[in-house]
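One structure below.
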Amino acid sequence: MSMREQAHQTGVLHSTMMRLARWLGLEGYEDMRSLYARALRETIAGEPARQGIEQGGDPGYSTAGVVADTLAAQISSLGEYGNATQLIAAANLLAQSRNLFGLGSRSGFPVANHFVHIMSFLAGGDRKVTLVGEMGGHGLDALQDAGRGDVLLAVGMSPYERTTIDMARQSARQGVRVVAITDSSVSPLVRIAQETIIVPSNSQSFFRSMAPAFAAVEILAALTALRSETNAAERVKQLDEQLAAFGIYWKPTR
C-alpha cells in the first residue's frame, strides 16, 4: 500500500509513517515498504521445488522451467531505463579510473573475481585490476595504496558480510570511489557507494541467485569498453595469443 493508504488503515497521519521509517534508520516509507515486499518474496522462494518433493513427484521439469524463466526475467530487467541508467553511470566511473579493484566475500567473491578477470582485458600501461578478498589474508594489503582516481567495485547481497562493508568504507575514506552491486536500496553499501546497481537475488529455488549480479558485471564491462581508449577486441586477441604461447589452453593430441 501507499503511505497514505497505510496511514489511513492504521488510523494515524501519513507523516507518522515517515517518522516511523526514520526512527527505524531508513530514508523514508518507500524503503520500509521495499523491505516488507522483499520479505514476502523470500517467504515463497523455493516453493515450486518444495511442493514437487512434498507431492512425491519429480519436480525437475517444472522447477527447471520456473527457475529459468525467473532468471531470464531478472536479467532482462537490467536493460530497463532505470537499471540501464545506473549501469551507465557506474561504467563512466570505471572508464575514468586509474586502477580498478574488485571486492566480494562468500557469494559475492566469484562475482568480483569475474569482474577482475574481464576488466583485466581493458588494463594497459600503468593501470592495474586487482581482486580483493579473504583468500590468503591479502584483502587490506591490496587496498593499502589505493586512493583518489581509483575505483572499487564492491559486491554484497543480504545477509551482508561485515568484511565487505568495512573494506568498502575504508576505501572510501582513502578517497577511492566505490561502485556497489547489491540487492536493496537499504543495503549498507548504498551509503558508501558513489554509484549503485540494484540487482534482484530472490529465486524460485532454495538458494539466492547470483546470476543477475554476474550479468550486471558483464554489462558494466561492455559499457566500459565503449568508453575506454583501449581497443578491447585487439586487447583480447593479444592476450589470447599470449596465453596460447604459454601453453595455457588445452589442445587435442594428434
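Note on naming: chains are A, B, ... as they come in the C-alpha cells, residues start from 1 per chain, ligands start from 1 in the order shown.
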
What residues in stretch 8-248 of chain A get the DSSP label alpha helix (DSSP H)? Please answer as a ChimeraX atom specification. /A:8-10,14-23,29-43,47-54,60-76,81-95,108-119,139-142,162-173,188-192,211-227,232-245

12 Å contact set for A:Val199, only C-alpha atoms, chain neighbours under 6 positions out, as number ranges by chain: A: 71, 73-80, 82-84, 86-87, 155-158, 180-185, 187, 208-217

Using the selection just defined, write its residues with N, CA, C and O atoms as a short mmCIF file (atom, residue, chain, number, x, y, z; two decimals), in the first residue's frame.
```
data_model
loop_
_atom_site.label_atom_id
_atom_site.label_comp_id
_atom_site.auth_asym_id
_atom_site.auth_seq_id
_atom_site.Cartn_x
_atom_site.Cartn_y
_atom_site.Cartn_z
N LEU A 71 15.03 -16.31 -13.80
CA LEU A 71 16.36 -15.75 -14.06
C LEU A 71 16.35 -14.90 -15.33
O LEU A 71 16.95 -13.82 -15.38
N ALA A 73 13.86 -13.28 -16.65
CA ALA A 73 13.15 -12.03 -16.40
C ALA A 73 14.01 -11.06 -15.58
O ALA A 73 14.03 -9.85 -15.84
N GLN A 74 14.72 -11.60 -14.59
CA GLN A 74 15.56 -10.74 -13.76
C GLN A 74 16.69 -10.11 -14.57
O GLN A 74 16.97 -8.92 -14.43
N ILE A 75 17.34 -10.92 -15.39
CA ILE A 75 18.44 -10.41 -16.20
C ILE A 75 17.93 -9.42 -17.24
O ILE A 75 18.54 -8.38 -17.49
N SER A 76 16.78 -9.72 -17.84
CA SER A 76 16.19 -8.83 -18.83
C SER A 76 15.87 -7.46 -18.22
O SER A 76 15.99 -6.43 -18.89
N SER A 77 15.49 -7.44 -16.94
CA SER A 77 15.11 -6.18 -16.29
C SER A 77 16.30 -5.23 -16.15
O SER A 77 16.11 -4.02 -15.97
N LEU A 78 17.53 -5.73 -16.27
CA LEU A 78 18.70 -4.87 -16.17
C LEU A 78 18.76 -3.88 -17.34
O LEU A 78 19.43 -2.85 -17.26
N GLY A 79 18.07 -4.20 -18.43
CA GLY A 79 18.05 -3.32 -19.58
C GLY A 79 16.99 -2.25 -19.52
O GLY A 79 16.93 -1.37 -20.40
N GLU A 80 16.13 -2.28 -18.50
CA GLU A 80 15.09 -1.26 -18.36
C GLU A 80 15.73 0.09 -18.04
O GLU A 80 16.85 0.16 -17.51
N GLY A 82 15.63 2.59 -15.84
CA GLY A 82 16.21 2.93 -14.54
C GLY A 82 17.48 2.14 -14.26
O GLY A 82 18.49 2.70 -13.81
N ASN A 83 17.44 0.84 -14.53
CA ASN A 83 18.60 -0.01 -14.30
C ASN A 83 19.74 0.33 -15.26
O ASN A 83 20.91 0.35 -14.88
N ALA A 84 19.38 0.57 -16.52
CA ALA A 84 20.40 0.91 -17.51
C ALA A 84 21.09 2.22 -17.15
O ALA A 84 22.31 2.37 -17.34
N GLN A 86 21.65 3.35 -14.13
CA GLN A 86 22.60 3.02 -13.06
C GLN A 86 23.87 2.40 -13.64
O GLN A 86 25.00 2.75 -13.23
N LEU A 87 23.70 1.49 -14.57
CA LEU A 87 24.84 0.80 -15.18
C LEU A 87 25.72 1.78 -15.96
O LEU A 87 26.95 1.71 -15.90
N VAL A 155 30.75 -6.03 -4.15
CA VAL A 155 29.57 -6.87 -4.37
C VAL A 155 29.10 -7.41 -3.02
O VAL A 155 29.88 -8.04 -2.29
N GLY A 156 27.85 -7.16 -2.67
CA GLY A 156 27.33 -7.64 -1.40
C GLY A 156 25.83 -7.85 -1.43
O GLY A 156 25.09 -6.95 -1.81
N MET A 157 25.40 -9.06 -1.05
CA MET A 157 23.98 -9.40 -1.00
C MET A 157 23.59 -9.75 0.43
O MET A 157 24.42 -10.19 1.22
N SER A 158 22.32 -9.57 0.75
CA SER A 158 21.82 -9.91 2.07
C SER A 158 21.93 -11.42 2.33
O SER A 158 21.62 -12.21 1.43
N ALA A 180 28.83 -0.07 -6.15
CA ALA A 180 28.26 -1.22 -5.45
C ALA A 180 27.30 -1.99 -6.35
O ALA A 180 26.51 -1.40 -7.08
N ILE A 181 27.40 -3.31 -6.27
CA ILE A 181 26.38 -4.19 -6.82
C ILE A 181 25.75 -4.88 -5.62
O ILE A 181 26.41 -5.64 -4.90
N THR A 182 24.48 -4.58 -5.38
CA THR A 182 23.82 -5.10 -4.19
C THR A 182 22.35 -5.33 -4.50
O THR A 182 21.89 -5.07 -5.61
N ASP A 183 21.61 -5.82 -3.51
CA ASP A 183 20.24 -6.28 -3.79
C ASP A 183 19.13 -5.43 -3.19
O ASP A 183 17.97 -5.81 -3.24
N SER A 184 19.47 -4.28 -2.60
CA SER A 184 18.43 -3.48 -1.98
C SER A 184 18.88 -2.03 -1.85
O SER A 184 20.06 -1.74 -1.67
N SER A 185 17.92 -1.12 -1.92
CA SER A 185 18.22 0.30 -1.75
C SER A 185 18.58 0.63 -0.31
O SER A 185 19.07 1.73 -0.03
N SER A 187 20.62 -1.45 1.42
CA SER A 187 21.88 -2.14 1.67
C SER A 187 22.88 -1.17 2.27
O SER A 187 22.95 0.00 1.86
N ARG A 208 19.73 -18.28 -2.99
CA ARG A 208 19.74 -16.95 -3.59
C ARG A 208 20.42 -17.00 -4.95
O ARG A 208 21.35 -17.78 -5.16
N SER A 209 19.96 -16.17 -5.85
CA SER A 209 20.52 -16.17 -7.20
C SER A 209 21.58 -15.09 -7.34
O SER A 209 21.38 -13.95 -6.95
N MET A 210 22.72 -15.47 -7.92
CA MET A 210 23.78 -14.51 -8.21
C MET A 210 23.85 -14.23 -9.71
O MET A 210 24.69 -13.43 -10.15
N ALA A 211 23.00 -14.87 -10.50
CA ALA A 211 23.03 -14.70 -11.95
C ALA A 211 22.85 -13.24 -12.37
O ALA A 211 23.58 -12.75 -13.25
N PRO A 212 21.89 -12.47 -11.79
CA PRO A 212 21.76 -11.07 -12.19
C PRO A 212 23.02 -10.25 -11.87
O PRO A 212 23.36 -9.33 -12.61
N ALA A 213 23.71 -10.57 -10.77
CA ALA A 213 24.94 -9.86 -10.43
C ALA A 213 26.03 -10.14 -11.46
O ALA A 213 26.76 -9.23 -11.88
N PHE A 214 26.16 -11.40 -11.89
CA PHE A 214 27.12 -11.74 -12.94
C PHE A 214 26.78 -11.00 -14.23
O PHE A 214 27.67 -10.48 -14.92
N ALA A 215 25.48 -10.95 -14.55
CA ALA A 215 25.06 -10.26 -15.78
C ALA A 215 25.38 -8.77 -15.69
O ALA A 215 25.82 -8.16 -16.68
N ALA A 216 25.17 -8.18 -14.52
CA ALA A 216 25.47 -6.75 -14.34
C ALA A 216 26.95 -6.47 -14.57
O ALA A 216 27.32 -5.46 -15.19
N VAL A 217 27.81 -7.37 -14.09
CA VAL A 217 29.26 -7.21 -14.29
C VAL A 217 29.60 -7.24 -15.78
O VAL A 217 30.42 -6.44 -16.26
#
```

Could you tell me which of A:Leu93, A:Ile198, A:Val190, A:Leu131 comes closest to A:Ile118 if we count only C-alpha atoms?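 Result for the nearest residue to A:Ile118: A:Leu131.
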
I'd like to know which of A:Ala225, A:Leu100, A:Ala95, A:Ala90 is closest to A:Thr196, using only C-alpha atoms.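 Selected residue with least distance to A:Thr196: A:Ala90.
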
Which is closer to A:Ala123 than all the others in A:Asn92, A:Ser203, A:Thr70, A:Thr224, using only C-alpha atoms?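 For A:Ala123, the nearest of the given residues is A:Thr224.
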
Point-to-point distance in Å for atom CA of A:Ala37 and atom CA of A:Ala7: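 Pair atom CA of A:Ala7 / atom CA of A:Ala37 returns 17.4 Å.
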
Looking only at the backbone, which of the residues in stretch 110-211 of chain A does DSSP tag as strand (DSSP E), as a compact mmCIF listing (two decimals) with N, CA and C atoms, in the first residue's frame?
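Just written: part37.txt:
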```
# COMPACT_ATOMS: atom_id res chain seq x y z
N VAL A 129 44.27 -4.01 -12.42
CA VAL A 129 42.97 -4.51 -11.99
C VAL A 129 43.24 -5.60 -10.96
N THR A 130 42.79 -5.40 -9.73
CA THR A 130 43.19 -6.26 -8.61
C THR A 130 41.97 -6.84 -7.91
N LEU A 131 42.05 -8.12 -7.59
CA LEU A 131 41.00 -8.79 -6.82
C LEU A 131 41.30 -8.64 -5.34
N VAL A 132 40.30 -8.19 -4.59
CA VAL A 132 40.42 -8.04 -3.14
C VAL A 132 39.51 -9.07 -2.50
N VAL A 151 38.99 3.11 -8.41
CA VAL A 151 37.58 2.72 -8.24
C VAL A 151 37.51 1.29 -7.72
N LEU A 152 36.66 1.09 -6.74
CA LEU A 152 36.44 -0.24 -6.15
C LEU A 152 35.03 -0.70 -6.47
N LEU A 153 34.89 -1.88 -7.09
CA LEU A 153 33.58 -2.49 -7.27
C LEU A 153 33.35 -3.44 -6.09
N ALA A 154 32.35 -3.15 -5.27
CA ALA A 154 32.03 -3.98 -4.11
C ALA A 154 30.73 -4.72 -4.34
N VAL A 155 30.75 -6.03 -4.15
CA VAL A 155 29.57 -6.87 -4.37
C VAL A 155 29.10 -7.41 -3.02
N GLY A 156 27.85 -7.16 -2.67
CA GLY A 156 27.33 -7.64 -1.40
C GLY A 156 25.83 -7.85 -1.43
N ARG A 177 36.72 5.82 -5.10
CA ARG A 177 35.30 5.87 -5.44
C ARG A 177 34.76 4.44 -5.50
N VAL A 178 33.62 4.23 -4.89
CA VAL A 178 33.05 2.89 -4.75
C VAL A 178 31.83 2.74 -5.64
N VAL A 179 31.80 1.64 -6.40
CA VAL A 179 30.62 1.23 -7.15
C VAL A 179 30.10 -0.04 -6.49
N ALA A 180 28.83 -0.07 -6.15
CA ALA A 180 28.26 -1.22 -5.45
C ALA A 180 27.30 -1.99 -6.35
N ILE A 181 27.40 -3.31 -6.27
CA ILE A 181 26.38 -4.19 -6.82
C ILE A 181 25.75 -4.88 -5.62
N THR A 182 24.48 -4.58 -5.38
CA THR A 182 23.82 -5.10 -4.19
C THR A 182 22.35 -5.33 -4.50
N GLU A 195 28.09 5.19 -6.91
CA GLU A 195 27.09 4.65 -7.84
C GLU A 195 26.69 3.26 -7.37
N THR A 196 25.40 2.95 -7.47
CA THR A 196 24.90 1.66 -7.01
C THR A 196 24.06 1.00 -8.09
N ILE A 197 24.27 -0.28 -8.27
CA ILE A 197 23.47 -1.09 -9.20
C ILE A 197 22.68 -2.08 -8.36
N ILE A 198 21.37 -1.94 -8.36
CA ILE A 198 20.50 -2.84 -7.59
C ILE A 198 20.09 -4.01 -8.48
```

Need to verify the contact set: stretch 23-34 of chain A, 10 Å, only C-alpha atoms, exclusion of same-chain residues closer than 4 positions in sequence. Can you return it as a VMD selection string? chain A and resid 1 to 3 14 to 19 38 to 40 184 to 186

May I have the selected residues written with N, CA and C atoms, as a compact mmCIF listing (two decimals), in the first residue's frame?
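Writing the result to out06.txt gives the following:
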```
# COMPACT_ATOMS: atom_id res chain seq x y z
N MET A 1 0.84 -1.20 0.00
CA MET A 1 0.00 0.00 0.00
C MET A 1 0.87 1.24 0.00
N SER A 2 0.29 2.35 -0.45
CA SER A 2 0.98 3.63 -0.39
C SER A 2 1.04 4.10 1.06
N MET A 3 1.85 5.11 1.31
CA MET A 3 1.98 5.63 2.66
C MET A 3 0.64 6.15 3.18
N HIS A 14 -0.34 10.53 7.83
CA HIS A 14 0.65 9.90 6.96
C HIS A 14 2.07 10.31 7.34
N SER A 15 2.23 11.48 7.95
CA SER A 15 3.56 11.91 8.39
C SER A 15 4.11 11.00 9.49
N THR A 16 3.20 10.34 10.21
CA THR A 16 3.63 9.41 11.25
C THR A 16 4.38 8.22 10.64
N MET A 17 3.93 7.80 9.45
CA MET A 17 4.59 6.68 8.77
C MET A 17 6.02 7.07 8.37
N MET A 18 6.19 8.30 7.96
CA MET A 18 7.52 8.79 7.61
C MET A 18 8.43 8.83 8.84
N ARG A 19 7.88 9.31 9.95
CA ARG A 19 8.67 9.37 11.19
C ARG A 19 9.05 7.98 11.67
N ARG A 38 10.27 -7.45 -0.05
CA ARG A 38 11.32 -8.45 -0.25
C ARG A 38 11.09 -9.64 0.69
N ALA A 39 10.66 -9.36 1.92
CA ALA A 39 10.40 -10.44 2.87
C ALA A 39 9.29 -11.36 2.35
N LEU A 40 8.27 -10.78 1.74
CA LEU A 40 7.18 -11.58 1.17
C LEU A 40 7.68 -12.46 0.03
N SER A 184 19.47 -4.28 -2.60
CA SER A 184 18.43 -3.48 -1.98
C SER A 184 18.88 -2.03 -1.85
N SER A 185 17.92 -1.12 -1.92
CA SER A 185 18.22 0.30 -1.75
C SER A 185 18.58 0.63 -0.31
N VAL A 186 18.32 -0.29 0.62
CA VAL A 186 18.70 -0.08 2.02
C VAL A 186 19.92 -0.90 2.40
```

Pick the closest to A:Arg106 from A:Lys128, A:Ala91, A:Ala68, A:Tyr160: which is it, counting only C-alpha atoms?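 That would be A:Tyr160, the residue with the smallest distance to A:Arg106.
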